[in-house]
$ cat input-v2.pdb   # PDB, C-alpha atoms and all ligand atoms
ATOM      1  CA  MET F1263       0.000   0.000   0.000  1.00  0.00           C
ATOM      2  CA  LEU F1264       1.188   3.499  -0.744  1.00  0.00           C
ATOM      3  CA  GLU F1265       2.337   5.644   2.151  1.00  0.00           C
ATOM      4  CA  MET F1266       0.697   8.714   0.644  1.00  0.00           C
ATOM      5  CA  ARG F1267       3.289  11.115   2.024  1.00  0.00           C
ATOM      6  CA  PRO F1268       1.880  14.496   2.982  1.00  0.00           C
ATOM      7  CA  ASN F1269       4.285  16.863   1.255  1.00  0.00           C
ATOM      8  CA  CYS F1270       6.651  17.571  -1.625  1.00  0.00           C
ATOM      9  CA  GLU F1271      10.245  16.588  -0.800  1.00  0.00           C
ATOM     10  CA  CYS F1272      11.561  19.644  -2.634  1.00  0.00           C
ATOM     11  CA  CYS F1273       9.389  22.585  -1.647  1.00  0.00           C
ATOM     12  CA  ASP F1274       7.382  21.134   1.281  1.00  0.00           C
ATOM     13  CA  LYS F1275       4.117  21.908  -0.459  1.00  0.00           C
ATOM     14  CA  ASP F1276       1.162  20.078   1.105  1.00  0.00           C
ATOM     15  CA  LEU F1277       0.034  17.111  -0.964  1.00  0.00           C
ATOM     16  CA  PRO F1278      -3.102  15.705   0.687  1.00  0.00           C
ATOM     17  CA  PRO F1279      -4.360  12.247  -0.328  1.00  0.00           C
ATOM     18  CA  ASP F1280      -6.881  13.821  -2.710  1.00  0.00           C
ATOM     19  CA  SER F1281      -4.309  16.082  -4.352  1.00  0.00           C
ATOM     20  CA  THR F1282      -4.041  15.933  -8.135  1.00  0.00           C
ATOM     21  CA  GLU F1283      -0.567  17.486  -7.965  1.00  0.00           C
ATOM     22  CA  ALA F1284       1.282  14.646  -6.239  1.00  0.00           C
ATOM     23  CA  MET F1285       3.846  12.705  -8.287  1.00  0.00           C
ATOM     24  CA  ILE F1286       5.714   9.629  -7.059  1.00  0.00           C
ATOM     25  CA  CYS F1287       8.596   7.478  -8.296  1.00  0.00           C
ATOM     26  CA  THR F1288       8.789   3.729  -7.887  1.00  0.00           C
ATOM     27  CA  PHE F1289      10.278   4.158  -4.391  1.00  0.00           C
ATOM     28  CA  GLU F1290       7.500   6.596  -3.560  1.00  0.00           C
ATOM     29  CA  CYS F1291       9.730   9.630  -3.390  1.00  0.00           C
ATOM     30  CA  THR F1292       6.978  12.250  -3.486  1.00  0.00           C
ATOM     31  CA  PHE F1293       7.008  15.620  -5.229  1.00  0.00           C
ATOM     32  CA  CYS F1294       4.569  18.182  -6.578  1.00  0.00           C
ATOM     33  CA  THR F1295       3.986  18.590 -10.308  1.00  0.00           C
ATOM     34  CA  ASP F1296       5.678  22.013 -10.272  1.00  0.00           C
ATOM     35  CA  CYS F1297       8.951  20.558  -8.998  1.00  0.00           C
ATOM     36  CA  VAL F1298       8.757  17.460 -11.214  1.00  0.00           C
ATOM     37  CA  THR F1299       8.223  19.410 -14.412  1.00  0.00           C
ATOM     38  CA  GLY F1300      10.494  22.250 -13.293  1.00  0.00           C
ATOM     39  CA  VAL F1301      13.629  21.715 -11.264  1.00  0.00           C
ATOM     40  CA  LEU F1302      13.594  17.910 -11.468  1.00  0.00           C
ATOM     41  CA  LYS F1303      12.939  17.620 -15.209  1.00  0.00           C
ATOM     42  CA  ASN F1304      10.837  14.498 -14.625  1.00  0.00           C
ATOM     43  CA  LYS F1305      13.674  12.534 -13.023  1.00  0.00           C
ATOM     44  CA  CYS F1306      13.773  11.550  -9.363  1.00  0.00           C
ATOM     45  CA  PRO F1307      16.743  13.228  -7.599  1.00  0.00           C
ATOM     46  CA  ASN F1308      16.998  10.357  -5.098  1.00  0.00           C
ATOM     47  CA  CYS F1309      16.937   7.307  -7.334  1.00  0.00           C
ATOM     48  CA  GLY F1310      17.010   8.603 -10.922  1.00  0.00           C
ATOM     49  CA  GLY F1311      13.667   6.991 -11.692  1.00  0.00           C
ATOM     50  CA  GLU F1312      10.685   8.326 -13.576  1.00  0.00           C
ATOM     51  CA  PHE F1313       7.519   9.725 -12.054  1.00  0.00           C
ATOM     52  CA  ALA F1314       3.871   8.831 -12.258  1.00  0.00           C
ATOM     53  CA  THR F1315       0.870  10.692 -10.928  1.00  0.00           C
ATOM     54  CA  ARG F1316      -0.029   9.417  -7.476  1.00  0.00           C
ATOM     55  CA  PRO F1317      -3.498   7.912  -7.519  1.00  0.00           C
ATOM     56  CA  ARG F1318      -5.920   9.531  -5.122  1.00  0.00           C
ATOM     57  CA  ARG F1319      -7.267   7.447  -2.247  1.00  0.00           C
ATOM     58  CA  PRO F1320     -11.036   7.591  -1.818  1.00  0.00           C
ATOM     59  CA  LEU F1321     -12.133   9.268   1.411  1.00  0.00           C
ATOM     60  CA  GLU F1322     -14.023   6.218   2.667  1.00  0.00           C
ATOM     61  CA  LYS F1323     -10.811   4.185   2.366  1.00  0.00           C
ATOM     62  CA  LEU F1324      -8.768   6.747   4.267  1.00  0.00           C
ATOM     63  CA  ALA F1325     -10.666   6.020   7.482  1.00  0.00           C
ATOM     64  CA  ASN F1326      -9.142   2.547   7.738  1.00  0.00           C
ATOM     65  CA  ASN F1327      -6.061   3.213   5.620  1.00  0.00           C
ATOM     66  CA  PRO F1328      -4.878   6.646   6.661  1.00  0.00           C
ATOM     67  CA  ALA F1329      -2.292   8.540   4.661  1.00  0.00           C
ATOM     68  CA  SER F1330       1.169   8.994   6.146  1.00  0.00           C
ATOM     69  CA  THR F1331       1.666  12.098   8.262  1.00  0.00           C
ATOM     70  CA  ARG F1332       5.457  11.771   8.317  1.00  0.00           C
ATOM     71  CA  ARG F1333       6.835  14.660   6.282  1.00  0.00           C
ATOM     72  CA  VAL F1334       9.867  13.819   4.165  1.00  0.00           C
ATOM     73  CA  LEU F1335      11.931  16.788   3.038  1.00  0.00           C
ATOM     74  CA  LYS F1336      15.239  16.871   1.225  1.00  0.00           C
ATOM     75  CA  PRO F1337      17.876  18.740   3.243  1.00  0.00           C
ATOM     76  CA  GLY F1338      18.613  21.917   1.318  1.00  0.00           C
ATOM     77  CA  GLY F1339      15.717  21.313  -1.078  1.00  0.00           C
ATOM     78  CA  CYS F1340      16.216  20.361  -4.720  1.00  0.00           C
ATOM     79  CA  LYS F1341      19.000  21.737  -6.842  1.00  0.00           C
ATOM     80  CA  GLN F1342      18.487  22.576 -10.484  1.00  0.00           C
ATOM     81  CA  ALA F1343      19.792  19.669 -12.562  1.00  0.00           C
ATOM     82  CA  ALA F1344      22.992  20.559 -14.370  1.00  0.00           C
TER      83      ALA F1344
HETATM   84 ZN    ZN F1401       7.413  20.841  -4.865  1.00  0.00          ZN
HETATM   85 ZN    ZN F1402      12.926   8.156  -6.236  1.00  0.00          ZN
END

$ encode --input "input-v2.pdb" --output "structure tokens"
Amino acid sequence: MLEMRPNCECCDKDLPPDSTEAMICTFECTFCTDCVTGVLKNKCPNCGGEFATRPRRPLEKLANNPASTRRVLKPGGCKQAA
């Protein structure tokens, strides 16, 4: 099951479970669409993998399968790829 992390690792933007802006890689590194299409150029800075849109979890499922509240943030944020 997906963790559904609550924020973008780059800019700390809130990405709630019903967000349409959350993107994840295969390791579930989680970023917002702005960072993915901007500074990250569609490549995960942690593992080099590609991104997919994170599916939204229906509200009725969240009651028993709550989203993660542990915020993951890259120290120093994301650098522009060279
Ligand atoms: Zn971001
Ligand atoms: Zn990754």

$ residues_near_ligand --input "input-v2.pdb" --ligand "ligand ZN 1401 (chain F)" --cutoff "9 Å" --atoms "all atoms listed in the file" --output "NGL selection string"
:F and (1269-1276 or 1284 or 1292-1298 or 1301 or 1340)

$ resolve_selection --input "input-v2.pdb" --expression "the PyMOL selection byres (((not hetatm)) within 6 of (chain F and resi 1402))" --output "PDB file with C-alpha atoms, keeping the file's coordinate frame"
ATOM      1  CA  CYS F1287       8.596   7.478  -8.296  1.00  0.00           C
ATOM      2  CA  PHE F1289      10.278   4.158  -4.391  1.00  0.00           C
ATOM      3  CA  CYS F1291       9.730   9.630  -3.390  1.00  0.00           C
ATOM      4  CA  CYS F1306      13.773  11.550  -9.363  1.00  0.00           C
ATOM      5  CA  ASN F1308      16.998  10.357  -5.098  1.00  0.00           C
ATOM      6  CA  CYS F1309      16.937   7.307  -7.334  1.00  0.00           C
ATOM      7  CA  GLY F1311      13.667   6.991 -11.692  1.00  0.00           C
TER       8      GLY F1311
END

$ atom_distance --input "input-v2.pdb" --atom1 "atom CA of F:Ser1281" --atom2 "atom CA of F:Lys1336"
20.3 Å

$ closest_residue --input "input-v2.pdb" --among "F:Arg1267, F:Asn1304, F:Met1285, F:Leu1277" --to "F:Pro1317" --atoms "all atoms listed in the file"
F:Met1285

$ axis_aligned_box --input "input-v2.pdb" --around "stretch 1321-1331 of chain F" --padding-each-side "8 Å" --output "AutoDock Vina command-line options"
--center_x -6.2 --center_y 7.3 --center_z 4.8 --size_x 31.7 --size_y 25.6 --size_z 22.9

$ atom_distance --input "input-v2.pdb" --atom1 "atom CA of F:Pro1320" --atom2 "atom CA of F:Pro1268"
15.4 Å
